[in-house]
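Asker: Here you go, one structure.
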Amino acid sequence: NFLIFEDRKFSDIGKIFLEQLNGGIYNISSWADIITIHGITCEGMLNILTDKSPKVLIVSQMSSTGNLITNEYTNKCYSIACKYKDKVLGFISQTKFINTKDFLFLTPGVKIVSNTNKTEKDQNYRTPYKAIYEDGNDKIIVGSGLYNIKNNLDFNKNIEKYKNIY
């Protein structure tokens, strides 16, 4: 009982998007249950998805330093998602920017670290506590907090830390 999530962050015109999703050596639509798309071109991409396409998370906010996303952009992502509720599961965001139960809010940039203001290679990290309880997100996305661990024993211990944080 799990879903496969492809975090490619599509962002192109519809024709190119479909070629990237359905073709090439990866043929993403044949195995991915969920994909991410950037809000900048999301309406065009959502408009051409079929009922058999993967469900979508819209990148509406980012954790990278100096990104160009504004509140207006984020709110527009929400407006577009409302038009395509049958295709959109939710958002990749830093905060639950609107109080709704219609969509999930998943947040990247989460790591168990002692200094929550630490920036690493353009990534601003937050603790799971801040991401869930202060920023209101529904789910956290843990990337380098796990995949940078080389020792399998430490990897498994770290997974348990994230699972048992609440």
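Numbering starts fresh at 1 for the residues of each chain in the structure tokens, the chains themselves are lettered A, B, ... in the order given, and ligands are numbered from 1 as they appear.
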Mind checking DSSP for region 110-154 of chain A and telling me the helix (DSSP H, G or I) residues as an MDAnalysis selection string?
Answerer: chainID A and resid 128:134 144:147 152:154
Asker: Keeping only all heavy atoms, write the selected residues to a file as an mmCIF file, in the first residue's frame.
Answerer:
data_model
loop_
_atom_site.group_PDB
_atom_site.id
_atom_site.type_symbol
_atom_site.label_atom_id
_atom_site.label_comp_id
_atom_site.auth_asym_id
_atom_site.auth_seq_id
_atom_site.Cartn_x
_atom_site.Cartn_y
_atom_site.Cartn_z
ATOM 1 N N PRO A 128 11.338 18.840 11.607
ATOM 2 C CA PRO A 128 9.994 18.304 11.386
ATOM 3 C C PRO A 128 8.947 19.020 12.255
ATOM 4 O O PRO A 128 7.838 19.287 11.798
ATOM 5 C CB PRO A 128 10.130 16.832 11.780
ATOM 6 C CG PRO A 128 11.560 16.514 11.515
ATOM 7 C CD PRO A 128 12.300 17.770 11.895
ATOM 8 N N TYR A 129 9.311 19.336 13.488
ATOM 9 C CA TYR A 129 8.374 20.035 14.370
ATOM 10 C C TYR A 129 7.927 21.366 13.756
ATOM 11 O O TYR A 129 6.735 21.666 13.693
ATOM 12 C CB TYR A 129 9.011 20.282 15.747
ATOM 13 C CG TYR A 129 8.051 20.965 16.702
ATOM 14 C CD1 TYR A 129 7.193 20.210 17.486
ATOM 15 C CD2 TYR A 129 7.972 22.352 16.773
ATOM 16 C CE1 TYR A 129 6.283 20.818 18.341
ATOM 17 C CE2 TYR A 129 7.063 22.968 17.614
ATOM 18 C CZ TYR A 129 6.221 22.202 18.396
ATOM 19 O OH TYR A 129 5.313 22.813 19.225
ATOM 20 N N LYS A 130 8.877 22.167 13.298
ATOM 21 C CA LYS A 130 8.544 23.465 12.693
ATOM 22 C C LYS A 130 7.693 23.281 11.439
ATOM 23 O O LYS A 130 6.702 23.981 11.238
ATOM 24 C CB LYS A 130 9.798 24.263 12.362
ATOM 25 C CG LYS A 130 9.468 25.603 11.685
ATOM 26 C CD LYS A 130 10.627 26.548 11.670
ATOM 27 C CE LYS A 130 10.344 27.882 11.013
ATOM 28 N NZ LYS A 130 8.990 28.366 10.971
ATOM 29 N N ALA A 131 8.070 22.322 10.601
ATOM 30 C CA ALA A 131 7.362 22.103 9.341
ATOM 31 C C ALA A 131 5.904 21.695 9.555
ATOM 32 O O ALA A 131 5.019 22.139 8.821
ATOM 33 C CB ALA A 131 8.088 21.044 8.512
ATOM 34 N N ILE A 132 5.656 20.875 10.584
ATOM 35 C CA ILE A 132 4.291 20.396 10.840
ATOM 36 C C ILE A 132 3.518 21.324 11.772
ATOM 37 O O ILE A 132 2.437 21.813 11.440
ATOM 38 C CB ILE A 132 4.306 18.967 11.434
ATOM 39 C CG1 ILE A 132 4.912 17.982 10.442
ATOM 40 C CG2 ILE A 132 2.915 18.534 11.867
ATOM 41 C CD1 ILE A 132 4.082 17.674 9.229
ATOM 42 N N TYR A 133 4.073 21.579 12.953
ATOM 43 C CA TYR A 133 3.313 22.296 13.978
ATOM 44 C C TYR A 133 3.319 23.812 13.830
ATOM 45 O O TYR A 133 2.334 24.468 14.150
ATOM 46 C CB TYR A 133 3.793 21.885 15.375
ATOM 47 C CG TYR A 133 3.466 20.454 15.663
ATOM 48 C CD1 TYR A 133 4.465 19.485 15.711
ATOM 49 C CD2 TYR A 133 2.153 20.044 15.843
ATOM 50 C CE1 TYR A 133 4.157 18.159 15.954
ATOM 51 C CE2 TYR A 133 1.840 18.715 16.076
ATOM 52 C CZ TYR A 133 2.841 17.785 16.129
ATOM 53 O OH TYR A 133 2.521 16.470 16.365
ATOM 54 N N GLU A 134 4.390 24.382 13.363
ATOM 55 C CA GLU A 134 4.428 25.839 13.200
ATOM 56 C C GLU A 134 3.971 26.273 11.809
ATOM 57 O O GLU A 134 3.259 27.254 11.670
ATOM 58 C CB GLU A 134 5.836 26.363 13.491
ATOM 59 C CG GLU A 134 6.225 26.208 14.952
ATOM 60 C CD GLU A 134 7.637 26.696 15.243
ATOM 61 O OE1 GLU A 134 8.185 27.513 14.470
ATOM 62 O OE2 GLU A 134 8.206 26.235 16.260
ATOM 63 N N SER A 144 17.848 14.729 1.752
ATOM 64 C CA SER A 144 19.253 14.531 2.113
ATOM 65 C C SER A 144 19.437 14.150 3.574
ATOM 66 O O SER A 144 20.467 13.597 3.934
ATOM 67 C CB SER A 144 20.073 15.775 1.784
ATOM 68 O OG SER A 144 19.642 16.874 2.562
ATOM 69 N N GLY A 145 18.437 14.411 4.405
ATOM 70 C CA GLY A 145 18.514 13.975 5.787
ATOM 71 C C GLY A 145 18.616 12.458 5.899
ATOM 72 O O GLY A 145 19.028 11.917 6.909
ATOM 73 N N LEU A 146 18.238 11.765 4.818
ATOM 74 C CA LEU A 146 18.351 10.311 4.772
ATOM 75 C C LEU A 146 19.339 9.833 3.712
ATOM 76 O O LEU A 146 20.183 9.007 3.982
ATOM 77 C CB LEU A 146 16.983 9.679 4.488
ATOM 78 C CG LEU A 146 15.965 9.789 5.607
ATOM 79 C CD1 LEU A 146 14.618 9.270 5.155
ATOM 80 C CD2 LEU A 146 16.432 9.034 6.837
ATOM 81 N N TYR A 147 19.227 10.342 2.499
ATOM 82 C CA TYR A 147 20.041 9.748 1.438
ATOM 83 C C TYR A 147 21.519 10.096 1.509
ATOM 84 O O TYR A 147 22.329 9.453 0.842
ATOM 85 C CB TYR A 147 19.466 10.011 0.047
ATOM 86 C CG TYR A 147 19.539 11.428 -0.459
ATOM 87 C CD1 TYR A 147 20.741 11.985 -0.866
ATOM 88 C CD2 TYR A 147 18.386 12.194 -0.573
ATOM 89 C CE1 TYR A 147 20.806 13.274 -1.343
ATOM 90 C CE2 TYR A 147 18.435 13.473 -1.058
ATOM 91 C CZ TYR A 147 19.648 14.014 -1.447
ATOM 92 O OH TYR A 147 19.697 15.290 -1.924
ATOM 93 N N ASN A 152 24.247 1.764 6.462
ATOM 94 C CA ASN A 152 22.876 1.252 6.512
ATOM 95 C C ASN A 152 22.291 1.253 7.913
ATOM 96 O O ASN A 152 21.105 1.511 8.099
ATOM 97 C CB ASN A 152 22.810 -0.167 5.940
ATOM 98 C CG ASN A 152 22.845 -0.159 4.437
ATOM 99 O OD1 ASN A 152 22.628 0.863 3.811
ATOM 100 N ND2 ASN A 152 23.139 -1.309 3.856
ATOM 101 N N LEU A 153 23.103 0.966 8.917
ATOM 102 C CA LEU A 153 22.621 0.958 10.294
ATOM 103 C C LEU A 153 22.187 2.367 10.700
ATOM 104 O O LEU A 153 21.105 2.555 11.264
ATOM 105 C CB LEU A 153 23.699 0.430 11.237
ATOM 106 C CG LEU A 153 23.299 0.273 12.706
ATOM 107 C CD1 LEU A 153 22.111 -0.686 12.837
ATOM 108 C CD2 LEU A 153 24.469 -0.241 13.520
ATOM 109 N N ASP A 154 23.003 3.367 10.391
ATOM 110 C CA ASP A 154 22.656 4.756 10.690
ATOM 111 C C ASP A 154 21.430 5.192 9.887
ATOM 112 O O ASP A 154 20.586 5.929 10.376
ATOM 113 C CB ASP A 154 23.831 5.690 10.391
ATOM 114 C CG ASP A 154 24.974 5.500 11.364
ATOM 115 O OD1 ASP A 154 24.748 4.957 12.459
ATOM 116 O OD2 ASP A 154 26.106 5.899 11.020
#
Asker: Would you mind listing, for every residue of region 77-143 of chain A within 7 Å of region 41-64 of chain A, the two atoms forming the shortest contact and the distance between them in Å to one decimal, using only C-alpha atoms, sorted by chain and ascending residue number, as CSV?
Answerer:
residue,atom,partner,partner_atom,distance
A:Cys77,CA,A:Ser60,CA,6.0
A:Ile80,CA,A:Glu43,CA,6.3
A:Lys87,CA,A:Lys55,CA,5.3
A:Val88,CA,A:Val56,CA,4.6
A:Leu89,CA,A:Val56,CA,5.7
A:Gly90,CA,A:Leu57,CA,4.9
A:Phe91,CA,A:Ile58,CA,4.7
A:Ile92,CA,A:Val59,CA,4.6
A:Ser93,CA,A:Gln61,CA,4.5
A:Gln94,CA,A:Gln61,CA,5.9
A:Gly109,CA,A:Ser63,CA,6.2
A:Asp122,CA,A:Ser64,CA,5.4
A:Gln123,CA,A:Ser64,CA,4.9
A:Asn124,CA,A:Ser63,CA,5.7
Asker: Quick one: everything within 12 Å of Ser30 (chain A), counting only C-alpha atoms, minus sequence neighbours fewer than 3 positions away in the same chain. Send it as number ranges by chain.
Answerer: A: 4, 6, 20-27, 33-35, 52-54
Asker: Please identify which residues in region 2-165 of chain A DSSP calls strand (DSSP E) from the backbone, and express them as a ChimeraX atom specification.
Answerer: /A:5-10,34-38,55-59,88-92,104-107,119-120,123-124,139-140
Asker: Report as a compact mmCIF listing (two decimals) with C-alpha atoms, in the first residue's frame all protein, DNA and RNA residues lying within 7 Å of Pro108 (chain A), evaluated on only C-alpha atoms, omitting residues in the same chain fewer than 6 positions from it.
Answerer:
# COMPACT_ATOMS: atom_id res chain seq x y z
CA ILE A 140 7.19 16.31 5.40
CA ILE A 141 9.57 15.32 2.63
CA VAL A 142 12.93 14.14 3.91
Asker: Between A:Ala32, A:Gly66, A:Thr100, A:Lys15, which one has atoms that come closest to Phe2 (chain A), using only C-alpha atoms?
Answerer: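 Closest to Phe2 (chain A) of all the choices is A:Ala32.
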Asker: Determine, counting only C-alpha atoms, which protein, DNA and RNA residues have an atom within 9 Å of an atom of Phe97 (chain A); residues of the same chain fewer than 4 positions away are not included. Present the result as a list of chain:residue names.
Answerer: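 Near Phe97 (chain A), the qualifying residues are A:Asn71, A:Thr74, A:Asn75, A:Ser93, A:Phe105, A:Asp135, A:Gly136, A:Asn137.
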Asker: Generate the output file for the selected residues, N, CA and C atoms, as a PDB file, in the first residue's frame.
Answerer:
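Contents of the output file result-v2.pdb:
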ATOM      1  N   ASN A  71       3.688  35.631  -2.899  1.00  0.00           N
ATOM      2  CA  ASN A  71       2.383  35.220  -2.377  1.00  0.00           C
ATOM      3  C   ASN A  71       1.335  35.195  -3.484  1.00  0.00           C
ATOM      4  N   THR A  74       1.733  31.961  -5.367  1.00  0.00           N
ATOM      5  CA  THR A  74       1.234  30.855  -4.555  1.00  0.00           C
ATOM      6  C   THR A  74      -0.288  30.821  -4.560  1.00  0.00           C
ATOM      7  N   ASN A  75      -0.912  31.967  -4.401  1.00  0.00           N
ATOM      8  CA  ASN A  75      -2.379  32.036  -4.409  1.00  0.00           C
ATOM      9  C   ASN A  75      -2.954  31.657  -5.768  1.00  0.00           C
ATOM     10  N   SER A  93       4.971  22.930  -0.676  1.00  0.00           N
ATOM     11  CA  SER A  93       4.959  24.275  -0.119  1.00  0.00           C
ATOM     12  C   SER A  93       5.794  24.345   1.149  1.00  0.00           C
ATOM     13  N   PHE A 105      -0.702  19.360   1.850  1.00  0.00           N
ATOM     14  CA  PHE A 105       0.434  20.277   1.810  1.00  0.00           C
ATOM     15  C   PHE A 105       1.664  19.497   2.258  1.00  0.00           C
ATOM     16  N   ASP A 135       4.400  25.529  10.776  1.00  0.00           N
ATOM     17  CA  ASP A 135       4.049  25.915   9.409  1.00  0.00           C
ATOM     18  C   ASP A 135       2.776  25.248   8.910  1.00  0.00           C
ATOM     19  N   GLY A 136       2.252  24.277   9.653  1.00  0.00           N
ATOM     20  CA  GLY A 136       0.940  23.696   9.370  1.00  0.00           C
ATOM     21  C   GLY A 136       0.872  22.669   8.254  1.00  0.00           C
ATOM     22  N   ASN A 137       2.004  22.220   7.729  1.00  0.00           N
ATOM     23  CA  ASN A 137       1.985  21.259   6.626  1.00  0.00           C
ATOM     24  C   ASN A 137       1.450  19.905   7.073  1.00  0.00           C
TER      25      ASN A 137
END
Asker: Tell me, in Å to one decimal, how far CA of Phe17 (chain A) is from CA of Asp102 (chain A).
Answerer: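 The value is 25.6 Å.
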Asker: For each of A:Thr65, A:Arg126, A:Tyr78, A:Ile37, take the minimum atom-to-atom distance to Phe5 (chain A), counting only C-alpha atoms, then give the residue where this is smallest.
Answerer: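 The answer is A:Ile37, which sits nearest to Phe5 (chain A).
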Asker: Would you compute the distance between CA of Ile13 (chain A) and CA of Leu106 (chain A)? Give it in Å to one decimal.
Answerer: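 The value is 24.8 Å.
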